[in-house]
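Chemist: Submitted below is the structure of interest, expressed as structure tokens.
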Amino acid sequence: MFTDLINKGRLKSPWIMHFDCGSCNGCDIEVLACLTPMYDIERFGIVNVGNPKHADVLLVTGTVNHRNKHVLKNLYDQMPDPKAVIAIGACGLSGGIFREAYNVVGGVDKVIPVDVYVPGCPSRPEAIIDGVVKALEAVKVKLGLSA
């Protein structure tokens, strides 16, 4: 009963964490634009946090390489269940223009499971916000609440 109340509260005020695997920073700027007064995702109850132990949704940008794949996996493992992962931008989806490089693993889904893909180079803030909404639907399903 009490946990149902907490779970519904998690859906109304999700906490997101952003991790850049290494990119041109185009998508990072768009993620930060979501926090500005023009888009203001905080009006939806979404809060950006810096600790994975407090995050419900992980936003990942940039290409995953052999050096940062362990950090990404560690961040994912520290997040409490249920959690959702959003891969943002061409680099997050497939490695982008860097996918043929010797040190690039590929997209985020090569290391951790991804719930939502937001394409673009860079992805628009509106698309990122839509991705967060879709990720919340995935969390809702994982909680066993009606989808």
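Residues in the structure tokens are named by chain (A, B, ... in the order shown) and by number from 1 within that chain; ligands are numbered from 1 in the order shown.
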Quick one: everything within 7 Å of range 68-71 of chain A, counting only C-alpha atoms, minus sequence neighbours fewer than 3 positions away in the same chain. Send it as a list of chain:residue names.
Modeler: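 Once the nearby chain positions are removed, what remains is A:Cys21, A:Val64, A:Asn65, A:Asn74, A:Leu75, A:Val111.
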Chemist: Mind listing the alpha helix (DSSP H) residues of range 33-128 of chain A, per DSSP on the backbone, as a PDB file with N, CA and C atoms, in the first residue's frame?
Modeler:
ATOM      1  N   ALA A  33      19.676  22.423 -22.406  1.00  0.00           N
ATOM      2  CA  ALA A  33      18.641  23.366 -22.840  1.00  0.00           C
ATOM      3  C   ALA A  33      17.278  22.988 -22.276  1.00  0.00           C
ATOM      4  N   LYS A  69      32.957   2.425 -21.066  1.00  0.00           N
ATOM      5  CA  LYS A  69      31.874   1.445 -20.972  1.00  0.00           C
ATOM      6  C   LYS A  69      31.750   0.881 -19.558  1.00  0.00           C
ATOM      7  N   HIS A  70      32.865   0.780 -18.848  1.00  0.00           N
ATOM      8  CA  HIS A  70      32.822   0.280 -17.470  1.00  0.00           C
ATOM      9  C   HIS A  70      32.176   1.291 -16.532  1.00  0.00           C
ATOM     10  N   VAL A  71      32.443   2.565 -16.762  1.00  0.00           N
ATOM     11  CA  VAL A  71      31.821   3.623 -15.958  1.00  0.00           C
ATOM     12  C   VAL A  71      30.310   3.649 -16.201  1.00  0.00           C
ATOM     13  N   LEU A  72      29.914   3.545 -17.470  1.00  0.00           N
ATOM     14  CA  LEU A  72      28.490   3.537 -17.817  1.00  0.00           C
ATOM     15  C   LEU A  72      27.780   2.354 -17.157  1.00  0.00           C
ATOM     16  N   LYS A  73      28.372   1.188 -17.233  1.00  0.00           N
ATOM     17  CA  LYS A  73      27.778  -0.009 -16.624  1.00  0.00           C
ATOM     18  C   LYS A  73      27.698   0.143 -15.110  1.00  0.00           C
ATOM     19  N   ASN A  74      28.722   0.728 -14.505  1.00  0.00           N
ATOM     20  CA  ASN A  74      28.727   0.951 -13.061  1.00  0.00           C
ATOM     21  C   ASN A  74      27.618   1.917 -12.644  1.00  0.00           C
ATOM     22  N   LEU A  75      27.440   3.003 -13.401  1.00  0.00           N
ATOM     23  CA  LEU A  75      26.356   3.948 -13.103  1.00  0.00           C
ATOM     24  C   LEU A  75      24.999   3.261 -13.208  1.00  0.00           C
ATOM     25  N   TYR A  76      24.818   2.480 -14.255  1.00  0.00           N
ATOM     26  CA  TYR A  76      23.554   1.760 -14.462  1.00  0.00           C
ATOM     27  C   TYR A  76      23.283   0.804 -13.298  1.00  0.00           C
ATOM     28  N   ASP A  77      24.302   0.078 -12.865  1.00  0.00           N
ATOM     29  CA  ASP A  77      24.130  -0.888 -11.784  1.00  0.00           C
ATOM     30  C   ASP A  77      23.812  -0.214 -10.450  1.00  0.00           C
ATOM     31  N   GLN A  78      24.253   1.026 -10.256  1.00  0.00           N
ATOM     32  CA  GLN A  78      23.990   1.741  -9.001  1.00  0.00           C
ATOM     33  C   GLN A  78      22.577   2.306  -8.925  1.00  0.00           C
ATOM     34  N   GLY A  89      20.845  10.979 -29.361  1.00  0.00           N
ATOM     35  CA  GLY A  89      21.709  11.374 -30.466  1.00  0.00           C
ATOM     36  C   GLY A  89      22.219  10.198 -31.279  1.00  0.00           C
ATOM     37  N   ALA A  90      22.733  10.515 -32.446  1.00  0.00           N
ATOM     38  CA  ALA A  90      23.256   9.482 -33.343  1.00  0.00           C
ATOM     39  C   ALA A  90      24.398   8.712 -32.688  1.00  0.00           C
ATOM     40  N   CYS A  91      25.221   9.399 -31.927  1.00  0.00           N
ATOM     41  CA  CYS A  91      26.354   8.730 -31.266  1.00  0.00           C
ATOM     42  C   CYS A  91      25.865   7.761 -30.191  1.00  0.00           C
ATOM     43  N   GLY A  92      24.845   8.124 -29.451  1.00  0.00           N
ATOM     44  CA  GLY A  92      24.300   7.249 -28.429  1.00  0.00           C
ATOM     45  C   GLY A  92      23.570   6.054 -29.004  1.00  0.00           C
ATOM     46  N   LEU A  93      23.003   6.226 -30.197  1.00  0.00           N
ATOM     47  CA  LEU A  93      22.269   5.137 -30.828  1.00  0.00           C
ATOM     48  C   LEU A  93      23.176   4.124 -31.505  1.00  0.00           C
ATOM     49  N   SER A  94      24.205   4.612 -32.210  1.00  0.00           N
ATOM     50  CA  SER A  94      25.006   3.690 -33.023  1.00  0.00           C
ATOM     51  C   SER A  94      26.509   3.959 -32.980  1.00  0.00           C
ATOM     52  N   PRO A 125      15.617  19.485 -27.996  1.00  0.00           N
ATOM     53  CA  PRO A 125      15.096  19.404 -26.629  1.00  0.00           C
ATOM     54  C   PRO A 125      13.673  18.849 -26.555  1.00  0.00           C
ATOM     55  N   GLU A 126      12.841  19.177 -27.537  1.00  0.00           N
ATOM     56  CA  GLU A 126      11.473  18.652 -27.544  1.00  0.00           C
ATOM     57  C   GLU A 126      11.482  17.132 -27.656  1.00  0.00           C
ATOM     58  N   ALA A 127      12.394  16.601 -28.490  1.00  0.00           N
ATOM     59  CA  ALA A 127      12.498  15.154 -28.655  1.00  0.00           C
ATOM     60  C   ALA A 127      13.028  14.499 -27.384  1.00  0.00           C
ATOM     61  N   ILE A 128      13.939  15.166 -26.704  1.00  0.00           N
ATOM     62  CA  ILE A 128      14.473  14.627 -25.451  1.00  0.00           C
ATOM     63  C   ILE A 128      13.375  14.578 -24.391  1.00  0.00           C
TER      64      ILE A 128
END
Chemist: Which of these, A:Val114, A:Ile86, A:Val60, A:Leu145, has the shortest distance to Asn25 in chain A once you count only C-alpha atoms?
Modeler: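 The closest residue to Asn25 in chain A is A:Val60.
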Chemist: When you draw a straight line from CA of Asn103 in chain A to CA of Gly22 in chain A, how long is it in Å?
Modeler: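 If I compute the distance from CA of Asn103 in chain A to CA of Gly22 in chain A, I get 11.8 Å.
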Chemist: Could you give me, as a list in words, the residues within 8 Å of Leu11 in chain A, counting only C-alpha atoms and dropping anything in the same chain fewer than 3 positions from it?
Modeler: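 The residues that qualify are Asn7, Lys8, Pro14, Leu136, Val139 and Lys140 of chain A.
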Chemist: Could you write those residues out with N, CA, C and O atoms, as an mmCIF file, in the first residue's frame?
Modeler:
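Result saved to result-v4.cif:
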data_model
loop_
_atom_site.group_PDB
_atom_site.id
_atom_site.type_symbol
_atom_site.label_atom_id
_atom_site.label_comp_id
_atom_site.auth_asym_id
_atom_site.auth_seq_id
_atom_site.Cartn_x
_atom_site.Cartn_y
_atom_site.Cartn_z
ATOM 1 N N ASN A 7 5.653 4.522 -5.476
ATOM 2 C CA ASN A 7 5.850 4.256 -6.898
ATOM 3 C C ASN A 7 5.093 5.246 -7.779
ATOM 4 O O ASN A 7 5.608 5.690 -8.802
ATOM 5 N N LYS A 8 3.894 5.606 -7.386
ATOM 6 C CA LYS A 8 3.146 6.609 -8.155
ATOM 7 C C LYS A 8 3.813 7.966 -8.066
ATOM 8 O O LYS A 8 3.834 8.731 -9.024
ATOM 9 N N PRO A 14 9.976 12.259 -11.636
ATOM 10 C CA PRO A 14 11.155 11.434 -11.918
ATOM 11 C C PRO A 14 12.450 12.225 -11.785
ATOM 12 O O PRO A 14 12.495 13.406 -12.096
ATOM 13 N N LEU A 136 9.204 7.126 -18.890
ATOM 14 C CA LEU A 136 8.331 7.005 -17.716
ATOM 15 C C LEU A 136 7.260 5.947 -17.942
ATOM 16 O O LEU A 136 6.850 5.252 -17.004
ATOM 17 N N VAL A 139 8.950 2.735 -17.187
ATOM 18 C CA VAL A 139 9.052 2.550 -15.735
ATOM 19 C C VAL A 139 7.700 2.128 -15.169
ATOM 20 O O VAL A 139 7.623 1.260 -14.300
ATOM 21 N N LYS A 140 6.642 2.710 -15.695
ATOM 22 C CA LYS A 140 5.295 2.377 -15.242
ATOM 23 C C LYS A 140 4.996 0.900 -15.484
ATOM 24 O O LYS A 140 4.438 0.213 -14.629
#
Chemist: Which residues are close to Val85 in chain A, i.e. within 12 Å by only C-alpha atoms, leaving aside same-chain residues fewer than 4 positions away? Reply as a PyMOL selection string.
Modeler: chain A and resi 16-19+52+55-61+72-73+75-77+79+81+92-93+108-109+111-118+131-139
Chemist: Which residue, A:Glu30, A:Ala87, A:Tyr39, A:Asp130, has the smallest gap to Thr63 in chain A when you use only C-alpha atoms?
Modeler: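 Between A:Glu30, A:Ala87, A:Tyr39, A:Asp130, the residue approaching Thr63 in chain A most closely is A:Ala87.
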Chemist: Extract the full set of strand (DSSP E or B) residues from chain A according to DSSP on the backbone, and format it as a list of chain:residue names.
Modeler: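 So, restricting chain A to strand (DSSP E or B), we get A:Trp15, A:Ile16, A:Met17, A:His18, A:Phe19, A:Asp20, A:Val47, A:Asn48, A:Val57, A:Leu58, A:Leu59, A:Val60, A:Thr61, A:Val64, A:Asn65, A:Ala84, A:Val85, A:Ile86, A:Ala87, A:Ile88, A:Val104, A:Val105, A:Gly106, A:Val116, A:Tyr117, A:Val118.
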Chemist: Keeping only N, CA and C atoms, take the residues you just selected and write them out as an mmCIF file, in the first residue's frame.
Modeler:
data_model
loop_
_atom_site.group_PDB
_atom_site.id
_atom_site.type_symbol
_atom_site.label_atom_id
_atom_site.label_comp_id
_atom_site.auth_asym_id
_atom_site.auth_seq_id
_atom_site.Cartn_x
_atom_site.Cartn_y
_atom_site.Cartn_z
ATOM 1 N N TRP A 15 13.458 11.561 -11.306
ATOM 2 C CA TRP A 15 14.774 12.164 -11.191
ATOM 3 C C TRP A 15 15.640 11.590 -12.293
ATOM 4 N N ILE A 16 16.267 12.472 -13.052
ATOM 5 C CA ILE A 16 17.079 12.043 -14.179
ATOM 6 C C ILE A 16 18.551 12.312 -13.891
ATOM 7 N N MET A 17 19.389 11.507 -14.508
ATOM 8 C CA MET A 17 20.834 11.711 -14.426
ATOM 9 C C MET A 17 21.372 11.678 -15.842
ATOM 10 N N HIS A 18 22.236 12.631 -16.168
ATOM 11 C CA HIS A 18 22.823 12.716 -17.502
ATOM 12 C C HIS A 18 24.263 12.248 -17.455
ATOM 13 N N PHE A 19 24.632 11.378 -18.412
ATOM 14 C CA PHE A 19 26.019 10.935 -18.520
ATOM 15 C C PHE A 19 26.464 11.071 -19.971
ATOM 16 N N ASP A 20 27.589 11.759 -20.174
ATOM 17 C CA ASP A 20 28.158 11.930 -21.505
ATOM 18 C C ASP A 20 29.308 10.944 -21.662
ATOM 19 N N VAL A 47 13.562 16.309 -12.131
ATOM 20 C CA VAL A 47 14.688 16.920 -11.437
ATOM 21 C C VAL A 47 15.974 16.270 -11.927
ATOM 22 N N ASN A 48 16.979 17.076 -12.230
ATOM 23 C CA ASN A 48 18.286 16.569 -12.635
ATOM 24 C C ASN A 48 19.131 16.349 -11.388
ATOM 25 N N VAL A 57 15.854 7.757 -14.160
ATOM 26 C CA VAL A 57 16.080 7.712 -15.606
ATOM 27 C C VAL A 57 17.513 8.157 -15.886
ATOM 28 N N LEU A 58 18.201 7.404 -16.748
ATOM 29 C CA LEU A 58 19.567 7.726 -17.142
ATOM 30 C C LEU A 58 19.561 8.211 -18.588
ATOM 31 N N LEU A 59 20.007 9.459 -18.796
ATOM 32 C CA LEU A 59 20.139 10.016 -20.139
ATOM 33 C C LEU A 59 21.592 9.847 -20.562
ATOM 34 N N VAL A 60 21.831 9.162 -21.675
ATOM 35 C CA VAL A 60 23.195 8.893 -22.115
ATOM 36 C C VAL A 60 23.413 9.501 -23.493
ATOM 37 N N THR A 61 24.472 10.304 -23.612
ATOM 38 C CA THR A 61 24.854 10.899 -24.889
ATOM 39 C C THR A 61 26.268 10.484 -25.221
ATOM 40 N N VAL A 64 30.027 5.289 -26.945
ATOM 41 C CA VAL A 64 30.582 4.435 -25.897
ATOM 42 C C VAL A 64 31.890 3.864 -26.419
ATOM 43 N N ASN A 65 32.940 4.040 -25.632
ATOM 44 C CA ASN A 65 34.231 3.474 -26.029
ATOM 45 C C ASN A 65 34.707 2.503 -24.945
ATOM 46 N N ALA A 84 15.043 3.412 -16.118
ATOM 47 C CA ALA A 84 14.932 3.505 -17.570
ATOM 48 C C ALA A 84 16.173 4.187 -18.109
ATOM 49 N N VAL A 85 16.554 3.815 -19.322
ATOM 50 C CA VAL A 85 17.718 4.387 -19.984
ATOM 51 C C VAL A 85 17.279 4.987 -21.308
ATOM 52 N N ILE A 86 17.752 6.207 -21.572
ATOM 53 C CA ILE A 86 17.466 6.887 -22.829
ATOM 54 C C ILE A 86 18.789 7.139 -23.539
ATOM 55 N N ALA A 87 18.921 6.607 -24.751
ATOM 56 C CA ALA A 87 20.090 6.867 -25.591
ATOM 57 C C ALA A 87 19.756 8.064 -26.474
ATOM 58 N N ILE A 88 20.587 9.095 -26.405
ATOM 59 C CA ILE A 88 20.297 10.353 -27.098
ATOM 60 C C ILE A 88 21.329 10.610 -28.177
ATOM 61 N N VAL A 104 35.787 2.612 -30.424
ATOM 62 C CA VAL A 104 34.351 2.777 -30.189
ATOM 63 C C VAL A 104 33.664 1.419 -30.130
ATOM 64 N N VAL A 105 32.917 1.200 -29.054
ATOM 65 C CA VAL A 105 32.144 -0.033 -28.876
ATOM 66 C C VAL A 105 30.901 0.014 -29.753
ATOM 67 N N GLY A 106 30.285 1.184 -29.837
ATOM 68 C CA GLY A 106 29.049 1.353 -30.598
ATOM 69 C C GLY A 106 28.058 2.161 -29.793
ATOM 70 N N VAL A 116 14.517 3.749 -24.451
ATOM 71 C CA VAL A 116 14.050 4.746 -25.417
ATOM 72 C C VAL A 116 15.236 5.263 -26.222
ATOM 73 N N TYR A 117 15.035 5.393 -27.526
ATOM 74 C CA TYR A 117 16.048 5.956 -28.421
ATOM 75 C C TYR A 117 15.552 7.311 -28.924
ATOM 76 N N VAL A 118 16.394 8.326 -28.803
ATOM 77 C CA VAL A 118 16.059 9.667 -29.299
ATOM 78 C C VAL A 118 17.074 10.007 -30.388
#
Chemist: What separation in Å, quoted to one decimal, exists between CA of Pro122 in chain A and CA of Leu35 in chain A?
Modeler: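 Between CA of Pro122 in chain A and CA of Leu35 in chain A the gap works out to 16.3 Å.
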Chemist: Can you work out the spacing between CA of Lys53 in chain A and CA of Ile129 in chain A in Å, to one decimal?
Modeler: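 So the two atoms, CA of Lys53 in chain A and CA of Ile129 in chain A, lie 21.9 Å apart.
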